[in-house]
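Next comes data.pdb, a file with PDB, C-alpha atoms, pLDDT in the B column.
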ATOM      1  CA  MET A   1     -10.876 -41.405 134.876  1.00 51.00           C
ATOM      2  CA  MET A   2     -10.474 -42.690 131.324  1.00 50.00           C
ATOM      3  CA  HIS A   3     -12.567 -45.682 130.307  1.00 55.00           C
ATOM      4  CA  ILE A   4     -10.933 -48.244 128.047  1.00 58.00           C
ATOM      5  CA  ARG A   5     -14.220 -48.979 126.309  1.00 62.00           C
ATOM      6  CA  SER A   6     -15.042 -45.333 125.596  1.00 61.00           C
ATOM      7  CA  GLY A   7     -14.565 -43.717 122.219  1.00 66.00           C
ATOM      8  CA  LYS A   8     -15.429 -44.630 118.686  1.00 69.00           C
ATOM      9  CA  ARG A   9     -12.620 -47.076 117.967  1.00 72.00           C
ATOM     10  CA  ASP A  10     -15.122 -49.728 116.895  1.00 74.00           C
ATOM     11  CA  GLU A  11     -16.268 -47.366 114.129  1.00 81.00           C
ATOM     12  CA  TRP A  12     -12.793 -46.580 112.745  1.00 73.00           C
ATOM     13  CA  GLU A  13     -11.901 -47.864 109.310  1.00 88.00           C
ATOM     14  CA  PHE A  14      -8.436 -48.473 107.887  1.00 86.00           C
ATOM     15  CA  GLU A  15      -7.711 -48.751 104.198  1.00 93.00           C
ATOM     16  CA  TYR A  16      -5.517 -51.568 102.834  1.00 93.00           C
ATOM     17  CA  THR A  17      -4.868 -52.935  99.365  1.00 95.00           C
ATOM     18  CA  ALA A  18      -6.134 -56.402  98.595  1.00 95.00           C
ATOM     19  CA  SER A  19      -2.537 -57.522  98.010  1.00 95.00           C
ATOM     20  CA  LYS A  20      -1.609 -56.497 101.571  1.00 95.00           C
ATOM     21  CA  LEU A  21      -4.663 -58.326 102.916  1.00 96.00           C
ATOM     22  CA  ALA A  22      -3.688 -61.389 100.856  1.00 96.00           C
ATOM     23  CA  GLU A  23      -0.284 -61.332 102.584  1.00 96.00           C
ATOM     24  CA  GLY A  24      -2.016 -61.240 105.961  1.00 96.00           C
ATOM     25  CA  ALA A  25      -4.362 -64.058 104.970  1.00 96.00           C
ATOM     26  CA  ALA A  26      -1.411 -66.144 103.752  1.00 97.00           C
ATOM     27  CA  ALA A  27       0.400 -65.622 107.061  1.00 97.00           C
ATOM     28  CA  GLN A  28      -2.728 -66.571 109.015  1.00 96.00           C
ATOM     29  CA  LYS A  29      -3.200 -69.652 106.817  1.00 97.00           C
ATOM     30  CA  ALA A  30       0.419 -70.706 107.442  1.00 97.00           C
ATOM     31  CA  PHE A  31      -0.066 -70.238 111.181  1.00 97.00           C
ATOM     32  CA  ARG A  32      -3.238 -72.348 111.160  1.00 97.00           C
ATOM     33  CA  LEU A  33      -1.603 -75.106 109.104  1.00 97.00           C
ATOM     34  CA  GLY A  34       1.258 -75.096 111.625  1.00 97.00           C
ATOM     35  CA  ARG A  35      -1.283 -75.624 114.389  1.00 97.00           C
ATOM     36  CA  VAL A  36      -2.889 -78.465 112.400  1.00 97.00           C
ATOM     37  CA  THR A  37       0.539 -80.128 112.230  1.00 97.00           C
ATOM     38  CA  TRP A  38       1.182 -79.573 115.937  1.00 97.00           C
ATOM     39  CA  TRP A  39      -2.179 -81.024 116.962  1.00 97.00           C
ATOM     40  CA  THR A  40      -1.849 -83.913 114.501  1.00 96.00           C
ATOM     41  CA  ASP A  41       1.494 -84.789 116.122  1.00 97.00           C
ATOM     42  CA  ALA A  42      -0.081 -84.480 119.588  1.00 96.00           C
ATOM     43  CA  LYS A  43      -2.902 -86.782 118.470  1.00 95.00           C
ATOM     44  CA  ALA A  44      -0.397 -89.343 117.190  1.00 95.00           C
ATOM     45  CA  LYS A  45       1.354 -89.332 120.581  1.00 94.00           C
ATOM     46  CA  VAL A  46      -1.935 -89.881 122.403  1.00 91.00           C
ATOM     47  CA  MET A  47      -2.883 -92.648 119.958  1.00 89.00           C
ATOM     48  CA  ALA A  48       0.494 -94.326 120.568  1.00 91.00           C
ATOM     49  CA  GLU A  49      -0.022 -94.047 124.335  1.00 88.00           C
ATOM     50  CA  VAL A  50      -3.470 -95.605 123.972  1.00 84.00           C
ATOM     51  CA  LYS A  51      -2.132 -98.466 121.850  1.00 83.00           C
ATOM     52  CA  ASP A  52       0.798 -99.028 124.241  1.00 87.00           C
ATOM     53  CA  THR A  53      -1.725 -99.680 127.005  1.00 85.00           C
ATOM     54  CA  GLY A  54      -3.374-102.357 124.880  1.00 69.00           C
ATOM     55  CA  LEU A  55      -6.536-100.399 124.132  1.00 73.00           C
ATOM     56  CA  GLU A  56      -8.287-100.099 120.813  1.00 70.00           C
ATOM     57  CA  VAL A  57      -9.212 -96.776 119.208  1.00 71.00           C
ATOM     58  CA  THR A  58     -12.228 -96.354 116.958  1.00 74.00           C
ATOM     59  CA  GLU A  59     -12.281 -93.503 114.482  1.00 73.00           C
ATOM     60  CA  SER A  60     -14.732 -92.438 111.799  1.00 71.00           C
ATOM     61  CA  VAL A  61     -13.768 -93.630 108.334  1.00 65.00           C
ATOM     62  CA  ALA A  62     -14.444 -90.108 107.029  1.00 66.00           C
ATOM     63  CA  ALA A  63     -11.890 -88.666 109.492  1.00 63.00           C
ATOM     64  CA  GLY A  64      -9.116 -89.945 107.237  1.00 61.00           C
ATOM     65  CA  ILE A  65     -10.367 -87.986 104.227  1.00 62.00           C
ATOM     66  CA  SER A  66      -8.500 -84.668 104.272  1.00 59.00           C
ATOM     67  CA  ASN A  67     -11.127 -82.528 102.557  1.00 61.00           C
ATOM     68  CA  TYR A  68     -14.197 -84.163 104.130  1.00 57.00           C
ATOM     69  CA  VAL A  69     -15.816 -81.850 106.661  1.00 58.00           C
ATOM     70  CA  ASN A  70     -18.771 -82.946 108.747  1.00 58.00           C
ATOM     71  CA  THR A  71     -19.334 -81.227 112.070  1.00 58.00           C
ATOM     72  CA  GLN A  72     -21.531 -84.144 113.191  1.00 60.00           C
ATOM     73  CA  MET A  73     -18.711 -86.648 112.639  1.00 63.00           C
ATOM     74  CA  ALA A  74     -17.686 -88.287 115.896  1.00 68.00           C
ATOM     75  CA  GLY A  75     -14.059 -87.938 116.870  1.00 79.00           C
ATOM     76  CA  PRO A  76     -11.814 -90.877 117.753  1.00 77.00           C
ATOM     77  CA  GLN A  77     -13.127 -92.846 120.748  1.00 73.00           C
ATOM     78  CA  ILE A  78     -11.577 -94.921 123.538  1.00 63.00           C
ATOM     79  CA  MET A  79     -13.690 -96.189 126.355  1.00 60.00           C
ATOM     80  CA  VAL A  80     -11.381 -97.052 129.255  1.00 65.00           C
ATOM     81  CA  ARG A  81      -9.255 -94.107 130.416  1.00 76.00           C
ATOM     82  CA  ALA A  82     -11.138 -90.815 130.540  1.00 81.00           C
ATOM     83  CA  ASP A  83      -7.911 -88.763 130.568  1.00 87.00           C
ATOM     84  CA  LEU A  84      -6.780 -90.282 127.277  1.00 85.00           C
ATOM     85  CA  GLN A  85     -10.232 -89.807 125.783  1.00 84.00           C
ATOM     86  CA  LYS A  86     -10.163 -86.146 126.806  1.00 91.00           C
ATOM     87  CA  LYS A  87      -6.694 -85.617 125.254  1.00 92.00           C
ATOM     88  CA  LEU A  88      -7.706 -87.386 122.069  1.00 91.00           C
ATOM     89  CA  ALA A  89     -10.933 -85.406 121.752  1.00 94.00           C
ATOM     90  CA  GLU A  90      -9.041 -82.137 122.292  1.00 96.00           C
ATOM     91  CA  CYS A  91      -6.529 -82.995 119.566  1.00 96.00           C
ATOM     92  CA  HIS A  92      -9.304 -83.970 117.175  1.00 96.00           C
ATOM     93  CA  SER A  93     -11.235 -80.757 117.856  1.00 97.00           C
ATOM     94  CA  LYS A  94      -8.166 -78.536 117.472  1.00 97.00           C
ATOM     95  CA  ILE A  95      -7.145 -80.206 114.208  1.00 97.00           C
ATOM     96  CA  GLN A  96     -10.621 -79.629 112.785  1.00 97.00           C
ATOM     97  CA  SER A  97     -10.915 -75.999 113.925  1.00 97.00           C
ATOM     98  CA  HIS A  98      -7.430 -74.991 112.725  1.00 97.00           C
ATOM     99  CA  GLN A  99      -7.897 -76.794 109.388  1.00 97.00           C
ATOM    100  CA  GLN A 100     -11.234 -75.042 108.887  1.00 97.00           C
ATOM    101  CA  ALA A 101      -9.611 -71.658 109.627  1.00 96.00           C
ATOM    102  CA  ALA A 102      -6.688 -72.437 107.275  1.00 97.00           C
ATOM    103  CA  ASP A 103      -9.170 -73.313 104.522  1.00 97.00           C
ATOM    104  CA  GLU A 104     -11.039 -70.042 105.124  1.00 96.00           C
ATOM    105  CA  TYR A 105      -7.799 -68.031 104.921  1.00 96.00           C
ATOM    106  CA  ASP A 106      -6.881 -69.894 101.728  1.00 97.00           C
ATOM    107  CA  GLY A 107     -10.139 -68.634 100.209  1.00 96.00           C
ATOM    108  CA  TRP A 108      -9.188 -65.069 101.156  1.00 95.00           C
ATOM    109  CA  VAL A 109      -5.703 -65.524  99.667  1.00 96.00           C
ATOM    110  CA  GLN A 110      -7.340 -66.560  96.395  1.00 96.00           C
ATOM    111  CA  VAL A 111      -9.955 -63.785  96.301  1.00 94.00           C
ATOM    112  CA  LEU A 112      -7.615 -61.001  97.389  1.00 95.00           C
ATOM    113  CA  GLY A 113      -4.776 -62.251  95.213  1.00 95.00           C
ATOM    114  CA  ALA A 114      -7.070 -62.048  92.192  1.00 94.00           C
ATOM    115  CA  ASN A 115      -7.794 -58.374  92.985  1.00 92.00           C
ATOM    116  CA  PRO A 116      -4.455 -57.031  94.270  1.00 93.00           C
ATOM    117  CA  GLU A 117      -5.042 -53.338  93.550  1.00 93.00           C
ATOM    118  CA  ASN A 118      -8.495 -53.065  95.146  1.00 93.00           C
ATOM    119  CA  ARG A 119      -8.560 -51.013  98.336  1.00 94.00           C
ATOM    120  CA  MET A 120     -10.590 -52.226 101.297  1.00 93.00           C
ATOM    121  CA  LYS A 121     -11.753 -50.399 104.401  1.00 94.00           C
ATOM    122  CA  LEU A 122     -11.102 -52.459 107.521  1.00 94.00           C
ATOM    123  CA  THR A 123     -12.490 -52.166 111.008  1.00 92.00           C
ATOM    124  CA  GLN A 124     -10.397 -53.186 114.004  1.00 91.00           C
ATOM    125  CA  ALA A 125     -11.997 -56.660 113.922  1.00 92.00           C
ATOM    126  CA  ASP A 126     -11.141 -56.988 110.216  1.00 93.00           C
ATOM    127  CA  TRP A 127      -7.530 -55.950 110.832  1.00 93.00           C
ATOM    128  CA  LEU A 128      -7.208 -58.454 113.686  1.00 94.00           C
ATOM    129  CA  TYR A 129      -8.645 -61.187 111.444  1.00 95.00           C
ATOM    130  CA  PHE A 130      -5.914 -60.669 108.842  1.00 94.00           C
ATOM    131  CA  PHE A 131      -2.965 -59.482 110.930  1.00 95.00           C
ATOM    132  CA  GLY A 132      -3.696 -60.225 114.605  1.00 93.00           C
ATOM    133  CA  LYS A 133      -1.503 -62.517 116.666  1.00 86.00           C
ATOM    134  CA  ALA A 134      -3.331 -65.359 118.373  1.00 69.00           C
TER     135      ALA A 134
END

Kindly present the structure from the file in structure tokens form.
Amino acid sequence: MMHIRSGKRDEWEFEYTASKLAEGAAAQKAFRLGRVTWWTDAKAKVMAEVKDTGLEVTESVAAGISNYVNTQMAGPQIMVRADLQKKLAECHSKIQSHQQAADEYDGWVQVLGANPENRMKLTQADWLYFFGKA
């Protein structure tokens, strides 16, 4: 019987040019920014639903600053309906995590774009980071 986890696949390395990795990073960044947009729209719908019910929403002042990142910052809060609070918290969390990933990929686009002819050895995890489908 063949075991899926057997072998030395985790030790394999694949060589790519920095320009090819920059393309992968740009695609991943675009994907993450698309998710930020999707979750921002979802958050707006939840906020509208909350306001339609006559509730108030409190949100950190820093949450409105696009390049302000503070993992301790509290997300938007409502205190009456737990289901709406859960939806709102999920949207807030997803927006932050996808924006953080997009920013990280943007850094790779910059670094790799500045060194397009360099060749890099990638492991499977590296390849998935730049080219994997979520």

**OP:** List, as a ChimeraX atom specification, every residue that the PyMOL selection byres ((chain A and resi 124) around 12) selects in the file provided.
**Re:** /A:8-15,121-123,125-132

Original post:
What residues come out when you apply the PyMOL selection byres ((chain A and resi 98-113) around 12) to this file, written as number ranges by chain?
Top reply: A: 16-40, 66-71, 91-97, 114-120, 129-131, 134

Original post:
Any idea what the distance is between atom CA of Glu90 of chain A and atom CA of Asp52 of chain A?
Top reply: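 Spanning atom CA of Glu90 of chain A to atom CA of Asp52 of chain A is a straight-line distance of 19.6 Å.
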
**OP:** Calculate how many Å separate atom CA of Leu88 of chain A from atom CA of Lys133 of chain A, rounding to one decimal.
**Re:**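 These two atoms are separated by 26.2 Å.
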
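If only C-alpha atoms are the atoms counted, then among A:Ala89, A:Gly75, A:Arg81, A:Ala42 the closest residue to Leu55 of chain A is A:Arg81.
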
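Across the chains present, the PyMOL selection byres ((chain A and resi 76) around 6) applied to this file returns Thr58, Glu59, Gly75 and Gln77 of chain A.
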